[in-house]
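See below for the structure under consideration.
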Amino acid sequence: MRKNIDDTLKPHPAVKSSEEGSLSQGLAARFSRRGFLKGLGSSVIVTAAASTGLVSTPKVEAYVPPVGEGLQTRALRLKVNGLLYRLEVEPRRSLADVLRKELGLTGTKISCNRAECGACTVIMNGKTVYSCTTLAVRANGKEITTVEGLAQGNKLHPIQEAFIESDAYQCGFCTPGVLVACKALLDRNPRPTRAEIKLALSGNLCRCAAYNHIFAAVEAAAKKL
Amino acid sequence: MANVKIPDSVLVGPEGTKLKAWGSSKELSAVGKPRPKIGAQEKVTGSAIYAYDVQLPRMLYAAVLSSDRAHARIAALDTRKAEALPGVRAVLTYKNIEPVKWEQEGNILRDTVGYVGEPVAAVAAETEEIAYDAIHLIAVKYDPLPSVIEPLDAMKPGAPQLQKAGNVWQGKPVIYKRGDVEKGLKEADIVYEQTYTTSVQHHTTMELHGCVVQWDRDGLTVWDSAQGVNQVRDQLASRFNLPVNKVRVICKYVGGGFGSKNSAKHYHGLAALLSKRTGRPVKLFNTREDEFPVSRHRPKTIQTLKAGVKKDGTLVALYHKAIGQCGPYLDGAALGARATGDGTKSLYLCPNLMTEAYSVHTNTPLLAPTRGPGDTENLFALEQFIDELAEKVGINPLEFRKKNYAEVDQPHDNHHYSSKGLDRCYDMAAKAFGWGQKAKASAPHKKRGIGMSSLIWHGNRTEKSQAGVIIQPDGTAEVVAGIASLGVGAETIFTQIAAEELGMKMESVGIRWGDSSSTPYTINTSSGSRTTAIAGPAVRAAAADARHKLLKAAARLLGIKPTEIATLSIKDGVISTGDQSKKISVAEVARKQGRELIIGTGHRPPNPEDMAIEIFGAQFVEVEVDEQIGEVKVLRAVTAIDCGRWINPLLAESQIQGGFIQGMGMALSEERIMDSRNGIQLNANLHEYGMPTSLDVPDTNLALDPEVIDASNNINAKGLGEPPLVGAGAAIANAIYNATDIRVRDYPITPNRIVQALKERSSGTRQG
Ligand code: FES
Ligand code: FES
């Protein structure tokens, strides 16, 4: 039942060893190429993904938190769900806090805030991480996918469709993290066995215990992919 | 279960009409059908807003400093450094807080603390980080007071007295008697006694407990994570002495409740007072560590059962004594005395019976209802005991239960049940499970075993409930219900009920809920598995009223006499006469009505007086026990529950599967580990607390519907939220015994306990 203590130190079980940091260079290049506008009175700047070549630059109304006594802010560049953001953060802010409080992406939840439940799971450079225990500054230059990035516009990802059809959630609070972990699993293993599904989700707690329906949903989505 | 007579009193319709008694779900169009939940899209895209997600302009963040002493007086409290920290806007302690009575013991913050985790001070600051920085700058000096942690210690003479009436809640046990237990034991051929213990179970909702509060001249607005918007609204209005119409509680989605999010709690009060003081909205959410004490829990219990049986297996006497641990205050204490519940009193026919329940005050956190409070603790013990009794008389445990089957509710004047499908549950679950056969274990050091348990959960009493159904100008219907959504799908079920009554398609019926200011008083809070059975009938009544008004309007438009509207019916949104000669769509009627909306209102008729209402079920499991490391793997679970009509089988399956897994957690791994010298919990985190993970879940977790039509209300439903957890523990314990021949009577049945028991058995210090 209990996870080994060491497990908390390991990456999320859905993680596969992969190339890290390859994006950061590309991102940095892209940032300088586009010559980011400095938003008036805001610490956040967002632009549409470079590849779309959009002329208009959507702005995000950002909350600008005051900085704790004696702390220096650090500049941060993130690509989240295809949008580029530049912001200044306290070095102690977690990625989860930045996503939720500063970018308004409240789909990512925080439940334990110490790498034990998976509610905050996001994909960073292709790997799932617990964003509650990832310092935002460590995500600098990385590409992040949150639950808000799973659907393409109004078109839900097959795993989202399957969650609805299978009633794979009850309260839904763990669901964003679970969905992200499922998506990461299906990305690297489109035909997972039941045992592989269980293992991939073993870092995501669901107190409503919707597990049986979650397993069924992953299997249903795998069939559609 | 056809041919159930539904009393006319529960089928009261608008203007002297009578509602149709619904037949089997196969004959219905919306009720009884599997439907995904309303709000599904929000939940899978991350756009569902929980209180935890609310961010308001100028919002402050609050943090709470809680006691690290079990019992102490605050000798000195210095908040100067915290107040001086830039970004801090308010610090509340007992010294400067306005008097607001929160528990029977007095003010919301006091100069004494009675358990580790009790709030001592609260801070509001510009950021969460600054609020926690400030908390760490508050210096508290405590003068210790004598404390007691373990309930058995608290019952000893000379223990520190925590309440005027003594450490036993109300100064005496709660006693129930029928017949003469002593006499019954003398008449028995076999007398048997055993003691069982159950551990604290925490709710560990994934959304932490907390709220966002804005208190200004217009009143108090709370974005809450609550099981009931009306209950929190009423309680805050009364505690702050505000008119009810100045308090608004908004809660669309709750990230898990399980009993812990009933009532206005400390955090509501502190957030409100911080908002009042600063003039800013304040967000206060526990940290996960604080959450363990503050969100409260299921009591741990020590239970002794003694029974007399005849050689043929007839139960003639039953005695049940239960000691439950509660906190130092009266708040929540009643929950410590509920383990001698309906299981002992009602489940089996027994003429001589006595129960004795003690809730014992200790310096530990307070209790809250925890999914299936009382009956769960009861059945975890009782249903192991019943298996032990069956073995003593040499009867198969399932046969033993059937032999002592109770057709009437003994503690309630032997009333007949509104329905009792327990026999069907036994049979269908046993059949689906393959009762009697166990497969071979997967390795020589592993053992397979099977076990079962009955379950019971007390049905709802008569309660008032009202709901509305609005026919909008485009012909769609909107149910209006004062509930919060816990995720079980009550709101979805309500739309099914309304669609059925209105004769409209599911897609045309929506619902508005989760805001105390724009919905009626449908339920105070969703607890006790009551929402469907209490509020569902009100929704049907409201839909019937809207239907009646629709038909009257249609009759006018079709030129039919008002006295003849009974000849009209609605199907798939079309109103027609019996011979189909005249027709008009609901949309057309609604369009003609324009802004003069058709608004149906309805209330719940009382339960029939001469019926007892209980929910029943049977749970069967197969386990594999690794005798080398003591690990138990639940391989299969089959649960059949008579909760009356299953309004939505898909959601019912979710409830049953999830409930079983929570029960499995309580049976095998979930436990509060507390240092009994100082009352400090040693595993106040999700990792060490040990709730089940995906790896622990059995692949077969079957939910079976015995298709019972209950007679107690107009939708024939009794309630399902809590029952699936109730029998899980004993079924697992019985299966472990079946596998290993050892009885572990202390829950959770951890690997440690199993290994220990096996060791004792091989060294001859233990039998069975
Ligand atoms: S909130 Fe990050 S793992 Fe629990
Ligand atoms: S759906 Fe409630 S915690 Fe998973």
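Note on naming: chains are A, B, ... as they come in the structure tokens, residues start from 1 per chain, ligands start from 1 in the order shown.
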Check every residue of chain B for an atom within 8 Å of chain A, counting only C-alpha atoms, and provide those that qualify as JSON, numbers by chain. {"B": [36, 37, 40, 41, 43, 44, 45, 46, 47, 48, 49, 53, 55, 85, 86, 87, 126, 127, 129, 130, 204, 205, 206, 207, 208, 253, 254, 255, 256, 287, 288, 485, 486, 487, 488, 489, 650, 651, 654, 657, 658, 659, 661, 662, 669, 685, 686, 687, 688, 689, 690, 691, 692, 693, 694, 695, 696, 697, 699, 701]}
DSSP on the backbone: which residues in range 38-252 of chain B end up as alpha helix (DSSP H)? Give the answer as a count of residues only. 42
Just want the 8 Å neighbourhood of Lys583 in chain B, counted on only C-alpha atoms, with same-chain residues fewer than 5 positions away dropped. Output as a PDB file with N, CA, C and O atoms, in the first residue's frame.
```
ATOM      1  N   LEU B 558     -54.597  24.566 -27.348  1.00  0.00           N
ATOM      2  CA  LEU B 558     -55.201  23.532 -28.198  1.00  0.00           C
ATOM      3  C   LEU B 558     -56.725  23.552 -28.142  1.00  0.00           C
ATOM      4  O   LEU B 558     -57.377  22.747 -28.816  1.00  0.00           O
ATOM      5  N   VAL B 574     -43.113  16.609 -26.799  1.00  0.00           N
ATOM      6  CA  VAL B 574     -44.327  16.930 -27.544  1.00  0.00           C
ATOM      7  C   VAL B 574     -45.551  16.598 -26.693  1.00  0.00           C
ATOM      8  O   VAL B 574     -45.667  15.491 -26.159  1.00  0.00           O
ATOM      9  N   ILE B 575     -46.445  17.562 -26.571  1.00  0.00           N
ATOM     10  CA  ILE B 575     -47.667  17.377 -25.791  1.00  0.00           C
ATOM     11  C   ILE B 575     -48.768  16.940 -26.758  1.00  0.00           C
ATOM     12  O   ILE B 575     -48.958  17.565 -27.808  1.00  0.00           O
ATOM     13  N   SER B 576     -49.473  15.878 -26.393  1.00  0.00           N
ATOM     14  CA  SER B 576     -50.531  15.444 -27.318  1.00  0.00           C
ATOM     15  C   SER B 576     -51.697  14.845 -26.557  1.00  0.00           C
ATOM     16  O   SER B 576     -51.567  14.436 -25.399  1.00  0.00           O
ATOM     17  N   THR B 577     -52.837  14.801 -27.227  1.00  0.00           N
ATOM     18  CA  THR B 577     -53.996  14.113 -26.665  1.00  0.00           C
ATOM     19  C   THR B 577     -53.791  12.616 -26.860  1.00  0.00           C
ATOM     20  O   THR B 577     -52.979  12.198 -27.689  1.00  0.00           O
TER      21      THR B 577
END
```
Show which residues sit within 6 Å of Val309 in chain B, as a list in words. Count only C-alpha atoms, and ignore same-chain residues fewer than 4 positions away. Ala188, Asp189, Ile190, Gly313, Thr314, Leu315 and Val316 of chain B
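In this comparison, which uses only C-alpha atoms, the residue of A:Gln152, A:Thr73, A:Asn81, A:Ser94 approaching Ala139 in chain A most closely is A:Ser94.
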What does the distance between CA of Thr601 in chain B and CA of Ile615 in chain B come to in Å, to one decimal place? 28.7 Å
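You can rank A:Leu95, A:Pro158, A:Gly153, A:Thr145 by their closest distance to Cys132 in chain A using only C-alpha atoms, and at the top of that list sits A:Leu95.
Among the candidates A:Ile144, A:Val122, A:Ala96, A:Val137, the one nearest to Lys183 in chain A when counting only C-alpha atoms is A:Val122.
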Which residues are close to range 447-459 of chain B, i.e. within 6 Å by only C-alpha atoms, leaving aside same-chain residues fewer than 5 positions away? Reply as a PyMOL selection string. chain B and resi 383+441+613-625+723+726-727+730-731+734-736+738-739
Go ahead and save the residues from that selection, with N, CA, C and O atoms, as a compact mmCIF listing (two decimals), in the first residue's frame.
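Final output, saved to result.txt:
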```txt
# COMPACT_ATOMS: atom_id res chain seq x y z
N GLU B 383 -19.29 -7.98 11.47
CA GLU B 383 -19.33 -8.99 10.41
C GLU B 383 -18.14 -9.94 10.43
O GLU B 383 -18.19 -11.00 9.82
N ALA B 441 -3.38 -20.24 -5.33
CA ALA B 441 -2.51 -19.08 -5.14
C ALA B 441 -1.40 -19.09 -6.18
O ALA B 441 -1.09 -20.12 -6.77
N ILE B 613 -36.80 2.40 6.99
CA ILE B 613 -36.00 2.55 5.76
C ILE B 613 -34.54 2.26 6.07
O ILE B 613 -33.92 2.92 6.90
N GLU B 614 -34.01 1.27 5.42
CA GLU B 614 -32.60 0.94 5.56
C GLU B 614 -32.06 0.55 4.19
O GLU B 614 -32.80 0.02 3.35
N ILE B 615 -30.78 0.78 4.00
CA ILE B 615 -30.11 0.37 2.77
C ILE B 615 -29.32 -0.89 3.09
O ILE B 615 -28.70 -0.97 4.16
N PHE B 616 -29.35 -1.86 2.19
CA PHE B 616 -28.72 -3.15 2.48
C PHE B 616 -27.80 -3.55 1.34
O PHE B 616 -27.95 -3.09 0.21
N GLY B 617 -26.91 -4.47 1.64
CA GLY B 617 -26.08 -4.99 0.57
C GLY B 617 -25.19 -6.12 1.04
O GLY B 617 -25.16 -6.46 2.23
N ALA B 618 -24.49 -6.69 0.08
CA ALA B 618 -23.57 -7.78 0.39
C ALA B 618 -22.30 -7.57 -0.41
O ALA B 618 -22.34 -7.15 -1.57
N GLN B 619 -21.17 -7.84 0.23
CA GLN B 619 -19.88 -7.66 -0.43
C GLN B 619 -19.06 -8.94 -0.31
O GLN B 619 -18.98 -9.54 0.78
N PHE B 620 -18.47 -9.36 -1.41
CA PHE B 620 -17.67 -10.58 -1.47
C PHE B 620 -16.29 -10.22 -2.00
O PHE B 620 -16.19 -9.44 -2.95
N VAL B 621 -15.25 -10.77 -1.40
CA VAL B 621 -13.91 -10.48 -1.91
C VAL B 621 -13.06 -11.75 -1.95
O VAL B 621 -13.29 -12.70 -1.20
N GLU B 622 -12.08 -11.70 -2.82
CA GLU B 622 -11.03 -12.72 -2.83
C GLU B 622 -9.70 -12.03 -2.61
O GLU B 622 -9.43 -10.99 -3.21
N VAL B 623 -8.89 -12.60 -1.72
CA VAL B 623 -7.58 -12.00 -1.45
C VAL B 623 -6.49 -13.04 -1.66
O VAL B 623 -6.74 -14.25 -1.68
N GLU B 624 -5.29 -12.52 -1.82
CA GLU B 624 -4.12 -13.37 -1.79
C GLU B 624 -3.17 -12.79 -0.75
O GLU B 624 -2.88 -11.59 -0.78
N VAL B 625 -2.74 -13.63 0.17
CA VAL B 625 -1.88 -13.16 1.26
C VAL B 625 -0.49 -13.76 1.08
O VAL B 625 -0.35 -14.97 0.94
N PRO B 723 -22.92 3.44 1.72
CA PRO B 723 -22.95 2.00 1.93
C PRO B 723 -21.78 1.19 1.39
O PRO B 723 -21.33 0.27 2.07
N VAL B 726 -19.13 0.16 3.86
CA VAL B 726 -19.49 -0.36 5.17
C VAL B 726 -19.09 -1.82 5.38
O VAL B 726 -18.59 -2.20 6.42
N GLY B 727 -19.28 -2.65 4.35
CA GLY B 727 -18.99 -4.07 4.53
C GLY B 727 -17.61 -4.48 4.04
O GLY B 727 -17.22 -5.65 4.17
N ALA B 730 -14.86 -6.10 6.82
CA ALA B 730 -15.06 -7.45 7.36
C ALA B 730 -14.93 -8.48 6.25
O ALA B 730 -14.39 -9.58 6.47
N ALA B 731 -15.40 -8.15 5.05
CA ALA B 731 -15.28 -9.11 3.94
C ALA B 731 -13.81 -9.43 3.70
O ALA B 731 -13.43 -10.59 3.51
N ASN B 734 -12.39 -11.43 6.69
CA ASN B 734 -12.87 -12.81 6.62
C ASN B 734 -12.14 -13.61 5.54
O ASN B 734 -11.86 -14.79 5.70
N ALA B 735 -11.83 -12.92 4.45
CA ALA B 735 -11.09 -13.60 3.37
C ALA B 735 -9.66 -13.89 3.81
O ALA B 735 -9.09 -14.94 3.47
N ILE B 736 -9.08 -12.98 4.58
CA ILE B 736 -7.71 -13.21 5.07
C ILE B 736 -7.71 -14.43 6.00
O ILE B 736 -6.81 -15.28 5.94
N ASN B 738 -9.84 -16.89 5.87
CA ASN B 738 -10.07 -18.04 5.00
C ASN B 738 -8.77 -18.48 4.33
O ASN B 738 -8.52 -19.67 4.13
N ALA B 739 -7.91 -17.51 4.04
CA ALA B 739 -6.65 -17.84 3.36
C ALA B 739 -5.61 -18.39 4.33
O ALA B 739 -4.89 -19.32 4.00
```
Within 12 Å of Lys283 in chain B using only C-alpha atoms, minus same-chain residues under 2 positions, as a ChimeraX atom specification: /B:51-64,122-128,131,209-215,221-225,267-275,280-281,285-286
Extract the full set of strand (DSSP E or B) residues from range 242-368 of chain B according to DSSP on the backbone, and format it as a PyMOL selection string. chain B and resi 247-250+253+282-285+297-298+301-309+315-326+348+352-361+367
Would you put the residues from that selection into a file with N, CA and C atoms, as a tab-separated table (two decimals), in the first residue's frame?
```tsv
chain	number	residue	atom	x	y	z
B	247	VAL	N	-25.83	36.76	3.66
B	247	VAL	CA	-24.77	35.76	3.56
B	247	VAL	C	-25.02	34.92	2.31
B	248	ARG	N	-24.00	34.79	1.51
B	248	ARG	CA	-24.14	34.03	0.28
B	248	ARG	C	-23.00	33.02	0.21
B	249	VAL	N	-23.35	31.76	0.02
B	249	VAL	CA	-22.33	30.72	-0.09
B	249	VAL	C	-22.41	30.12	-1.49
B	250	ILE	N	-21.28	30.17	-2.17
B	250	ILE	CA	-21.21	29.68	-3.54
B	250	ILE	C	-20.31	28.45	-3.58
B	253	TYR	N	-18.51	23.10	-7.35
B	253	TYR	CA	-17.85	21.80	-7.27
B	253	TYR	C	-17.05	21.67	-5.97
B	282	VAL	N	-10.33	37.33	1.39
B	282	VAL	CA	-9.27	36.53	1.99
B	282	VAL	C	-9.44	35.07	1.59
B	283	LYS	N	-8.35	34.47	1.19
B	283	LYS	CA	-8.37	33.04	0.86
B	283	LYS	C	-7.63	32.27	1.95
B	284	LEU	N	-8.34	31.34	2.54
B	284	LEU	CA	-7.71	30.53	3.59
B	284	LEU	C	-7.89	29.05	3.26
B	285	PHE	N	-6.82	28.41	2.96
B	285	PHE	CA	-6.84	26.95	2.77
B	285	PHE	C	-5.80	26.32	3.69
B	297	HIS	N	-11.94	13.53	11.49
B	297	HIS	CA	-11.74	12.15	11.08
B	297	HIS	C	-12.79	11.23	11.67
B	298	ARG	N	-12.70	9.96	11.29
B	298	ARG	CA	-13.52	8.89	11.87
B	298	ARG	C	-12.86	8.46	13.19
B	301	THR	N	-12.01	2.95	17.42
B	301	THR	CA	-12.92	2.29	18.34
B	301	THR	C	-12.32	1.01	18.90
B	302	ILE	N	-12.83	0.66	20.07
B	302	ILE	CA	-12.51	-0.63	20.69
B	302	ILE	C	-13.87	-1.27	20.95
B	303	GLN	N	-14.12	-2.42	20.35
B	303	GLN	CA	-15.46	-2.99	20.42
B	303	GLN	C	-15.43	-4.44	20.91
B	304	THR	N	-16.30	-4.73	21.85
B	304	THR	CA	-16.44	-6.10	22.33
B	304	THR	C	-17.83	-6.61	21.99
B	305	LEU	N	-17.85	-7.79	21.39
B	305	LEU	CA	-19.12	-8.41	21.04
B	305	LEU	C	-19.23	-9.75	21.75
B	306	LYS	N	-20.42	-10.03	22.24
B	306	LYS	CA	-20.65	-11.30	22.93
B	306	LYS	C	-22.00	-11.81	22.45
B	307	ALA	N	-22.03	-13.09	22.09
B	307	ALA	CA	-23.28	-13.62	21.54
B	307	ALA	C	-23.57	-15.00	22.09
B	308	GLY	N	-24.85	-15.32	22.12
B	308	GLY	CA	-25.29	-16.67	22.42
B	308	GLY	C	-26.02	-17.23	21.22
B	309	VAL	N	-25.62	-18.45	20.80
B	309	VAL	CA	-26.29	-19.09	19.66
B	309	VAL	C	-26.72	-20.51	20.03
B	315	LEU	N	-29.47	-17.21	16.48
B	315	LEU	CA	-28.89	-16.20	17.38
B	315	LEU	C	-29.92	-15.88	18.46
B	316	VAL	N	-29.55	-16.04	19.74
B	316	VAL	CA	-30.53	-15.77	20.80
B	316	VAL	C	-30.16	-14.58	21.68
B	317	ALA	N	-28.89	-14.19	21.68
B	317	ALA	CA	-28.51	-13.04	22.49
B	317	ALA	C	-27.31	-12.35	21.87
B	318	LEU	N	-27.30	-11.04	21.95
B	318	LEU	CA	-26.17	-10.29	21.40
B	318	LEU	C	-25.92	-9.07	22.28
B	319	TYR	N	-24.66	-8.92	22.67
B	319	TYR	CA	-24.25	-7.77	23.48
B	319	TYR	C	-23.10	-7.09	22.74
B	320	HIS	N	-23.14	-5.79	22.69
B	320	HIS	CA	-22.10	-5.05	21.95
B	320	HIS	C	-21.72	-3.81	22.75
B	321	LYS	N	-20.46	-3.76	23.12
B	321	LYS	CA	-19.96	-2.57	23.82
B	321	LYS	C	-18.90	-1.91	22.95
B	322	ALA	N	-19.04	-0.61	22.75
B	322	ALA	CA	-18.07	0.08	21.90
B	322	ALA	C	-17.56	1.33	22.59
B	323	ILE	N	-16.26	1.49	22.53
B	323	ILE	CA	-15.64	2.71	23.06
B	323	ILE	C	-15.04	3.44	21.87
B	324	GLY	N	-15.44	4.69	21.71
B	324	GLY	CA	-14.91	5.48	20.61
B	324	GLY	C	-14.15	6.67	21.18
B	325	GLN	N	-13.14	7.10	20.44
B	325	GLN	CA	-12.34	8.22	20.91
B	325	GLN	C	-12.86	9.51	20.28
B	326	CYS	N	-13.12	10.52	21.10
B	326	CYS	CA	-13.47	11.82	20.53
B	326	CYS	C	-12.52	12.88	21.06
B	348	TYR	N	-29.65	-8.66	12.15
B	348	TYR	CA	-30.03	-10.06	12.38
B	348	TYR	C	-31.16	-10.14	13.40
B	352	ASN	N	-32.88	-10.91	22.22
B	352	ASN	CA	-32.26	-10.37	23.43
B	352	ASN	C	-31.00	-9.62	23.04
B	353	LEU	N	-31.03	-8.33	23.21
B	353	LEU	CA	-29.91	-7.56	22.68
B	353	LEU	C	-29.67	-6.33	23.52
B	354	MET	N	-28.40	-6.01	23.70
B	354	MET	CA	-28.07	-4.78	24.42
B	354	MET	C	-26.80	-4.17	23.81
B	355	THR	N	-26.84	-2.87	23.62
B	355	THR	CA	-25.63	-2.17	23.16
B	355	THR	C	-25.32	-1.04	24.13
B	356	GLU	N	-24.04	-0.75	24.20
B	356	GLU	CA	-23.53	0.20	25.16
B	356	GLU	C	-22.40	0.96	24.46
B	357	ALA	N	-22.57	2.25	24.22
B	357	ALA	CA	-21.55	2.97	23.45
B	357	ALA	C	-21.02	4.15	24.26
B	358	TYR	N	-19.70	4.20	24.34
B	358	TYR	CA	-19.03	5.28	25.07
B	358	TYR	C	-18.24	6.12	24.08
B	359	SER	N	-18.45	7.41	24.09
B	359	SER	CA	-17.56	8.30	23.36
B	359	SER	C	-16.69	8.96	24.42
B	360	VAL	N	-15.39	8.86	24.25
B	360	VAL	CA	-14.50	9.27	25.34
B	360	VAL	C	-13.65	10.47	24.92
B	361	HIS	N	-13.76	11.53	25.71
B	361	HIS	CA	-13.00	12.75	25.43
B	361	HIS	C	-11.51	12.53	25.68
B	367	LEU	N	-13.95	15.04	15.88
B	367	LEU	CA	-14.51	14.09	14.92
B	367	LEU	C	-15.41	14.79	13.91
```
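Taking CA of Cys643 in chain B as the reference point, CA of Ser263 in chain B is found at 25.9 Å.
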Would you list the contacts of Ser147 in chain B as JSON, numbers by chain, taking every protein, DNA or RNA residue within 12 Å and counting only C-alpha atoms, but skipping same-chain residues closer than 6 positions in sequence? {"B": [69, 70, 71, 72, 73, 113, 114, 115, 116, 153, 154, 158, 159, 160, 161, 162, 167, 327, 328, 361, 362, 363, 364, 676, 677, 678, 679]}
